[in-house]
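**Q** What follows is run_35.pdb; its format and atoms are PDB, C-alpha atoms.
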ATOM      1  CA  MET H  24      40.350-214.162  65.169  1.00  0.00           C
ATOM      2  CA  GLU H  25      38.852-215.916  62.190  1.00  0.00           C
ATOM      3  CA  ARG H  26      35.856-216.781  64.255  1.00  0.00           C
ATOM      4  CA  GLY H  27      35.014-213.093  64.949  1.00  0.00           C
ATOM      5  CA  THR H  28      35.535-212.113  61.332  1.00  0.00           C
ATOM      6  CA  MET H  29      33.197-214.833  60.141  1.00  0.00           C
ATOM      7  CA  ALA H  30      30.383-213.628  62.395  1.00  0.00           C
ATOM      8  CA  PHE H  31      30.788-210.105  61.078  1.00  0.00           C
ATOM      9  CA  GLU H  32      30.629-211.225  57.462  1.00  0.00           C
ATOM     10  CA  ARG H  33      27.627-213.471  58.103  1.00  0.00           C
ATOM     11  CA  GLY H  34      25.765-210.590  59.824  1.00  0.00           C
ATOM     12  CA  SER H  35      26.360-208.169  56.987  1.00  0.00           C
ATOM     13  CA  MET H  36      25.332-210.809  54.483  1.00  0.00           C
ATOM     14  CA  LEU H  37      22.029-211.409  56.336  1.00  0.00           C
ATOM     15  CA  ARG H  38      21.440-207.660  56.443  1.00  0.00           C
ATOM     16  CA  GLY H  39      21.971-207.517  52.689  1.00  0.00           C
ATOM     17  CA  VAL H  40      19.485-210.353  52.139  1.00  0.00           C
ATOM     18  CA  ALA H  41      16.940-208.673  54.421  1.00  0.00           C
ATOM     19  CA  ALA H  42      17.363-205.369  52.590  1.00  0.00           C
ATOM     20  CA  GLY H  43      16.904-207.135  49.250  1.00  0.00           C
ATOM     21  CA  VAL H  44      13.727-208.886  50.421  1.00  0.00           C
ATOM     22  CA  LEU H  45      12.381-205.575  51.736  1.00  0.00           C
ATOM     23  CA  ALA H  46      13.130-203.829  48.431  1.00  0.00           C
ATOM     24  CA  LEU H  47      11.406-206.581  46.429  1.00  0.00           C
ATOM     25  CA  SER H  48       8.392-206.431  48.754  1.00  0.00           C
ATOM     26  CA  VAL H  49       8.054-202.678  48.286  1.00  0.00           C
ATOM     27  CA  LEU H  50       8.344-203.059  44.515  1.00  0.00           C
ATOM     28  CA  GLY H  51       5.804-205.895  44.535  1.00  0.00           C
ATOM     29  CA  VAL H  52       3.243-203.922  46.520  1.00  0.00           C
ATOM     30  CA  GLY H  53       3.860-200.842  44.392  1.00  0.00           C
ATOM     31  CA  ALA H  54       3.207-202.860  41.248  1.00  0.00           C
ATOM     32  CA  CYS H  55      -0.255-203.757  42.552  1.00  0.00           C
ATOM     33  CA  SER H  56      -1.475-200.166  42.405  1.00  0.00           C
ATOM     34  CA  SER H  57      -2.844-198.825  39.155  1.00  0.00           C
ATOM     35  CA  ASN H  58      -4.775-195.875  37.800  1.00  0.00           C
ATOM     36  CA  LYS H  59      -6.813-198.135  35.554  1.00  0.00           C
ATOM     37  CA  PRO H  60     -10.371-199.052  36.605  1.00  0.00           C
ATOM     38  CA  PRO H  61     -10.824-202.603  37.849  1.00  0.00           C
ATOM     39  CA  LYS H  62     -11.676-205.234  35.271  1.00  0.00           C
ATOM     40  CA  THR H  63     -15.239-206.469  35.252  1.00  0.00           C
ATOM     41  CA  PHE H  64     -16.126-209.912  34.046  1.00  0.00           C
ATOM     42  CA  THR H  65     -19.422-210.668  32.416  1.00  0.00           C
ATOM     43  CA  SER H  66     -21.140-213.979  32.099  1.00  0.00           C
ATOM     44  CA  GLN H  67     -22.927-215.202  29.023  1.00  0.00           C
ATOM     45  CA  SER H  68     -26.244-214.366  30.599  1.00  0.00           C
ATOM     46  CA  GLU H  69     -27.126-210.794  31.415  1.00  0.00           C
ATOM     47  CA  GLU H  70     -28.910-211.952  34.542  1.00  0.00           C
ATOM     48  CA  PRO H  71     -26.882-211.788  37.734  1.00  0.00           C
ATOM     49  CA  GLY H  72     -26.201-214.883  39.801  1.00  0.00           C
ATOM     50  CA  PHE H  73     -25.257-218.483  39.200  1.00  0.00           C
ATOM     51  CA  ARG H  74     -27.666-220.158  36.792  1.00  0.00           C
ATOM     52  CA  PRO H  75     -26.194-223.498  35.671  1.00  0.00           C
ATOM     53  CA  PHE H  76     -29.049-224.537  33.381  1.00  0.00           C
ATOM     54  CA  GLY H  77     -31.032-221.325  33.045  1.00  0.00           C
ATOM     55  CA  LEU H  78     -33.720-222.621  35.382  1.00  0.00           C
ATOM     56  CA  PHE H  79     -35.782-220.395  37.622  1.00  0.00           C
ATOM     57  CA  LYS H  80     -35.356-217.337  35.457  1.00  0.00           C
ATOM     58  CA  LYS H  81     -36.813-214.123  36.782  1.00  0.00           C
ATOM     59  CA  ALA H  82     -38.339-211.399  34.705  1.00  0.00           C
ATOM     60  CA  PRO H  83     -35.664-208.981  33.509  1.00  0.00           C
ATOM     61  CA  LYS H  84     -35.513-205.802  35.536  1.00  0.00           C
ATOM     62  CA  ALA H  85     -35.079-202.396  34.031  1.00  0.00           C
ATOM     63  CA  ALA H  86     -31.681-200.902  34.699  1.00  0.00           C
ATOM     64  CA  ALA H  87     -31.851-198.166  37.305  1.00  0.00           C
ATOM     65  CA  SER H  88     -30.102-195.029  36.252  1.00  0.00           C
ATOM     66  CA  GLU H  89     -28.290-192.783  38.663  1.00  0.00           C
ATOM     67  CA  GLY H  90     -30.602-190.481  40.556  1.00  0.00           C
ATOM     68  CA  SER H  91     -33.657-192.633  39.933  1.00  0.00           C
ATOM     69  CA  ILE H  92     -35.964-193.757  42.682  1.00  0.00           C
ATOM     70  CA  GLY H  93     -36.111-197.400  43.710  1.00  0.00           C
ATOM     71  CA  VAL H  94     -39.820-197.884  43.028  1.00  0.00           C
ATOM     72  CA  ASN H  95     -42.343-197.215  40.271  1.00  0.00           C
ATOM     73  CA  GLY H  96     -42.307-193.462  39.636  1.00  0.00           C
ATOM     74  CA  PHE H  97     -45.986-193.296  38.690  1.00  0.00           C
ATOM     75  CA  LEU H  98     -47.082-195.026  41.898  1.00  0.00           C
ATOM     76  CA  TRP H  99     -44.752-192.801  43.925  1.00  0.00           C
ATOM     77  CA  ARG H 100     -46.035-189.549  42.410  1.00  0.00           C
ATOM     78  CA  ALA H 101     -49.662-190.728  42.561  1.00  0.00           C
ATOM     79  CA  SER H 102     -49.291-191.646  46.249  1.00  0.00           C
ATOM     80  CA  LEU H 103     -47.913-188.212  47.071  1.00  0.00           C
ATOM     81  CA  ASP H 104     -50.645-186.518  45.039  1.00  0.00           C
ATOM     82  CA  THR H 105     -53.434-188.576  46.600  1.00  0.00           C
ATOM     83  CA  LEU H 106     -52.236-188.035  50.168  1.00  0.00           C
ATOM     84  CA  ALA H 107     -51.364-184.362  49.647  1.00  0.00           C
ATOM     85  CA  PHE H 108     -54.152-183.295  52.020  1.00  0.00           C
ATOM     86  CA  MET H 109     -52.425-185.079  54.910  1.00  0.00           C
ATOM     87  CA  PRO H 110     -49.234-183.760  56.526  1.00  0.00           C
ATOM     88  CA  LEU H 111     -46.193-185.777  55.455  1.00  0.00           C
ATOM     89  CA  ALA H 112     -44.100-187.317  58.254  1.00  0.00           C
ATOM     90  CA  SER H 113     -41.529-189.126  56.084  1.00  0.00           C
ATOM     91  CA  ALA H 114     -40.974-190.310  52.542  1.00  0.00           C
ATOM     92  CA  ASP H 115     -38.324-192.759  51.333  1.00  0.00           C
ATOM     93  CA  PRO H 116     -38.263-192.938  47.519  1.00  0.00           C
ATOM     94  CA  TYR H 117     -35.599-195.672  47.507  1.00  0.00           C
ATOM     95  CA  GLY H 118     -37.447-197.954  49.914  1.00  0.00           C
ATOM     96  CA  GLY H 119     -40.897-196.935  48.656  1.00  0.00           C
ATOM     97  CA  VAL H 120     -42.400-195.934  52.003  1.00  0.00           C
ATOM     98  CA  ILE H 121     -44.567-192.875  52.639  1.00  0.00           C
ATOM     99  CA  VAL H 122     -45.734-192.138  56.187  1.00  0.00           C
ATOM    100  CA  THR H 123     -48.134-189.317  56.936  1.00  0.00           C
ATOM    101  CA  ASP H 124     -48.673-187.550  60.218  1.00  0.00           C
ATOM    102  CA  TRP H 125     -52.034-187.492  61.937  1.00  0.00           C
ATOM    103  CA  TYR H 126     -54.763-185.691  59.977  1.00  0.00           C
ATOM    104  CA  ILE H 127     -57.860-184.286  61.664  1.00  0.00           C
ATOM    105  CA  ASN H 128     -60.842-183.604  59.443  1.00  0.00           C
ATOM    106  CA  PRO H 129     -62.237-180.153  60.339  1.00  0.00           C
ATOM    107  CA  GLU H 130     -65.762-181.558  60.057  1.00  0.00           C
ATOM    108  CA  LYS H 131     -65.006-184.309  62.623  1.00  0.00           C
ATOM    109  CA  PRO H 132     -62.493-182.954  65.153  1.00  0.00           C
ATOM    110  CA  ASP H 133     -62.960-185.946  67.483  1.00  0.00           C
ATOM    111  CA  GLU H 134     -61.191-188.436  65.131  1.00  0.00           C
ATOM    112  CA  ARG H 135     -57.910-188.458  63.271  1.00  0.00           C
ATOM    113  CA  PHE H 136     -56.225-190.611  60.625  1.00  0.00           C
ATOM    114  CA  LYS H 137     -52.702-191.604  59.694  1.00  0.00           C
ATOM    115  CA  ALA H 138     -51.627-193.459  56.535  1.00  0.00           C
ATOM    116  CA  THR H 139     -48.635-195.564  55.535  1.00  0.00           C
ATOM    117  CA  VAL H 140     -48.083-196.425  51.881  1.00  0.00           C
ATOM    118  CA  TYR H 141     -45.710-199.180  50.793  1.00  0.00           C
ATOM    119  CA  ILE H 142     -44.758-199.343  47.129  1.00  0.00           C
ATOM    120  CA  LEU H 143     -43.526-202.884  46.633  1.00  0.00           C
ATOM    121  CA  ASP H 144     -42.559-203.053  42.969  1.00  0.00           C
ATOM    122  CA  THR H 145     -40.898-201.148  40.164  1.00  0.00           C
ATOM    123  CA  ARG H 146     -43.772-202.003  37.845  1.00  0.00           C
ATOM    124  CA  LEU H 147     -47.160-200.287  37.733  1.00  0.00           C
ATOM    125  CA  ARG H 148     -49.278-203.080  39.184  1.00  0.00           C
ATOM    126  CA  ALA H 149     -52.160-203.175  41.646  1.00  0.00           C
ATOM    127  CA  ASP H 150     -50.370-205.700  43.854  1.00  0.00           C
ATOM    128  CA  GLY H 151     -47.312-203.439  43.978  1.00  0.00           C
ATOM    129  CA  LEU H 152     -49.059-201.125  46.434  1.00  0.00           C
ATOM    130  CA  ASN H 153     -50.089-201.563  50.056  1.00  0.00           C
ATOM    131  CA  VAL H 154     -51.902-198.911  52.107  1.00  0.00           C
ATOM    132  CA  THR H 155     -52.421-199.096  55.865  1.00  0.00           C
ATOM    133  CA  ILE H 156     -54.746-196.669  57.642  1.00  0.00           C
ATOM    134  CA  PHE H 157     -54.659-195.958  61.362  1.00  0.00           C
ATOM    135  CA  LYS H 158     -57.535-194.259  63.146  1.00  0.00           C
ATOM    136  CA  GLN H 159     -57.849-192.697  66.574  1.00  0.00           C
ATOM    137  CA  ALA H 160     -60.842-191.161  68.311  1.00  0.00           C
ATOM    138  CA  LYS H 161     -61.128-189.053  71.436  1.00  0.00           C
ATOM    139  CA  ASP H 162     -62.452-190.909  74.444  1.00  0.00           C
ATOM    140  CA  ALA H 163     -64.515-189.459  77.305  1.00  0.00           C
ATOM    141  CA  SER H 164     -61.430-187.976  78.997  1.00  0.00           C
ATOM    142  CA  GLY H 165     -60.301-186.269  75.758  1.00  0.00           C
ATOM    143  CA  ALA H 166     -57.317-188.551  75.139  1.00  0.00           C
ATOM    144  CA  TRP H 167     -56.730-190.187  71.765  1.00  0.00           C
ATOM    145  CA  ALA H 168     -57.524-193.915  71.683  1.00  0.00           C
ATOM    146  CA  ASP H 169     -56.883-196.357  68.847  1.00  0.00           C
ATOM    147  CA  VAL H 170     -59.954-197.409  66.901  1.00  0.00           C
ATOM    148  CA  ALA H 171     -60.154-199.980  64.103  1.00  0.00           C
ATOM    149  CA  ALA H 172     -60.203-198.285  60.718  1.00  0.00           C
ATOM    150  CA  SER H 173     -62.471-199.620  58.037  1.00  0.00           C
ATOM    151  CA  ASP H 174     -60.778-201.903  55.504  1.00  0.00           C
ATOM    152  CA  GLN H 175     -62.775-200.106  52.844  1.00  0.00           C
ATOM    153  CA  THR H 176     -60.940-196.850  53.634  1.00  0.00           C
ATOM    154  CA  ALA H 177     -57.564-198.392  52.785  1.00  0.00           C
ATOM    155  CA  THR H 178     -59.026-199.980  49.639  1.00  0.00           C
ATOM    156  CA  ASP H 179     -60.512-196.654  48.521  1.00  0.00           C
ATOM    157  CA  ILE H 180     -57.166-194.893  48.957  1.00  0.00           C
ATOM    158  CA  GLU H 181     -55.347-197.688  47.081  1.00  0.00           C
ATOM    159  CA  ASN H 182     -57.844-197.372  44.221  1.00  0.00           C
ATOM    160  CA  ALA H 183     -57.442-193.581  44.157  1.00  0.00           C
ATOM    161  CA  ILE H 184     -53.639-193.950  44.008  1.00  0.00           C
ATOM    162  CA  LEU H 185     -53.849-196.535  41.211  1.00  0.00           C
ATOM    163  CA  THR H 186     -56.262-194.365  39.220  1.00  0.00           C
ATOM    164  CA  ARG H 187     -53.955-191.357  39.566  1.00  0.00           C
ATOM    165  CA  ALA H 188     -50.924-193.487  38.590  1.00  0.00           C
ATOM    166  CA  ARG H 189     -52.704-194.626  35.431  1.00  0.00           C
ATOM    167  CA  GLN H 190     -53.553-191.000  34.602  1.00  0.00           C
ATOM    168  CA  LEU H 191     -49.915-189.975  35.074  1.00  0.00           C
ATOM    169  CA  ARG H 192     -48.716-192.840  32.900  1.00  0.00           C
ATOM    170  CA  LEU H 193     -51.179-192.048  30.123  1.00  0.00           C
ATOM    171  CA  SER H 194     -50.238-188.372  30.151  1.00  0.00           C
ATOM    172  CA  ASN H 195     -46.583-189.380  29.944  1.00  0.00           C
ATOM    173  CA  ILE H 196     -47.222-191.659  26.948  1.00  0.00           C
ATOM    174  CA  ARG H 197     -49.113-188.962  25.019  1.00  0.00           C
ATOM    175  CA  ASN H 198     -46.348-186.384  25.459  1.00  0.00           C
TER     176      ASN H 198
END
Written as structure tokens, how would this file's structure read?
**A**
Amino acid sequence: MERGTMAFERGSMLRGVAAGVLALSVLGVGACSSNKPPKTFTSQSEEPGFRPFGLFKKAPKAAASEGSIGVNGFLWRASLDTLAFMPLASADPYGGVIVTDWYINPEKPDERFKATVYILDTRLRADGLNVTIFKQAKDASGAWADVAASDQTATDIENAILTRARQLRLSNIRN
């Protein structure tokens, strides 16, 4: 009879240990939650990334505020203003891409143009802008066929955008 009693006591003791471990686990996991915001750690340098000796430093970037676009605002606005005569297919202010739909000049109904503008930088710089022009012309059967657009056309549009961006920047400085 002692043998059966011992098994009963050992079983209840193991259940007690299991219940205690479960209770401590629940308390431990509950202690992990908090209403406080997570701690953030800052390095000595304000530049992100691992820089053991300060080599290969990049130019400091302006902090983007909430609701701001991801590219230079003057280039973005100037691009939209310059291409306002063309129908807009899509515009991504965070990626800096503007794509127009096909535009047919009423004076030349047998050719049409499409433009894609890439704004590549947050600074107002000439190399922070890339314009690609696509051209199509009607062939003998009346279907649209791709034709090489003049490189000068893309350059002229880039220059017009840069001129407008400078005007917008100057008007913003004066105000």
**Q** To test your reading of the syntax: which residues would the PyMOL selection byres ((chain H and resi 184) around 7) return for the file shown? Reply as a list in words.
**A**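 Taken over the shown coordinates, the PyMOL selection byres ((chain H and resi 184) around 7) returns Leu98, Ala101, Ser102, Thr105, Ile180, Glu181, Asn182, Ala183, Leu185, Thr186, Arg187 and Ala188 of chain H.
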**Q** Using C-alpha atoms, can you export the residues from the last selection as a PDB file, keeping the file's coordinate frame?
**A**
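Below is the file part-v1.pdb, written as the result:
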ATOM      1  CA  LEU H  98     -47.082-195.026  41.898  1.00  0.00           C
ATOM      2  CA  ALA H 101     -49.662-190.728  42.561  1.00  0.00           C
ATOM      3  CA  SER H 102     -49.291-191.646  46.249  1.00  0.00           C
ATOM      4  CA  THR H 105     -53.434-188.576  46.600  1.00  0.00           C
ATOM      5  CA  ILE H 180     -57.166-194.893  48.957  1.00  0.00           C
ATOM      6  CA  GLU H 181     -55.347-197.688  47.081  1.00  0.00           C
ATOM      7  CA  ASN H 182     -57.844-197.372  44.221  1.00  0.00           C
ATOM      8  CA  ALA H 183     -57.442-193.581  44.157  1.00  0.00           C
ATOM      9  CA  LEU H 185     -53.849-196.535  41.211  1.00  0.00           C
ATOM     10  CA  THR H 186     -56.262-194.365  39.220  1.00  0.00           C
ATOM     11  CA  ARG H 187     -53.955-191.357  39.566  1.00  0.00           C
ATOM     12  CA  ALA H 188     -50.924-193.487  38.590  1.00  0.00           C
TER      13      ALA H 188
END
**Q** So the first atom is CA of Gly119 (chain H) and the second is CA of Gln159 (chain H); what is the distance between them in Å, to one decimal place?
**A**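 Answer for the CA of Gly119 (chain H) to CA of Gln159 (chain H) separation: 25.0 Å.
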**Q** Name the residues in contact with Phe157 (chain H) at a cut-off of 9 Å, using only C-alpha atoms, excluding same-chain residues fewer than 4 positions from it; report them as a PyMOL selection string.
**A** chain H and resi 125+135-139+169-172
**Q** Rounded to one decimal place, report the CA of Glu130 (chain H)-CA of Asp104 (chain H) distance in Å.
**A**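 CA of Glu130 (chain H) sits 21.9 Å away from CA of Asp104 (chain H).
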**Q** Hey, what comes out of the PyMOL selection byres ((chain H and resi 145) around 8) on this file? Could you write it as number ranges by chain?
**A** H: 93-96, 143-144, 146-147, 151
**Q** Would you export the selected residues with C-alpha atoms as a CSV table (one decimal), in the frame of the given file, please?
**A**
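Final output, result-v5.csv:
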chain,number,residue,atom,x,y,z
H,93,GLY,CA,-36.1,-197.4,43.7
H,94,VAL,CA,-39.8,-197.9,43.0
H,95,ASN,CA,-42.3,-197.2,40.3
H,96,GLY,CA,-42.3,-193.5,39.6
H,143,LEU,CA,-43.5,-202.9,46.6
H,144,ASP,CA,-42.6,-203.1,43.0
H,146,ARG,CA,-43.8,-202.0,37.8
H,147,LEU,CA,-47.2,-200.3,37.7
H,151,GLY,CA,-47.3,-203.4,44.0
**Q** So, with all atoms listed in the file as the atoms that count, which of H:Phe108, H:Tyr117, H:Trp167, H:Tyr126 lies closest to Tyr141 (chain H)?
**A** H:Tyr117
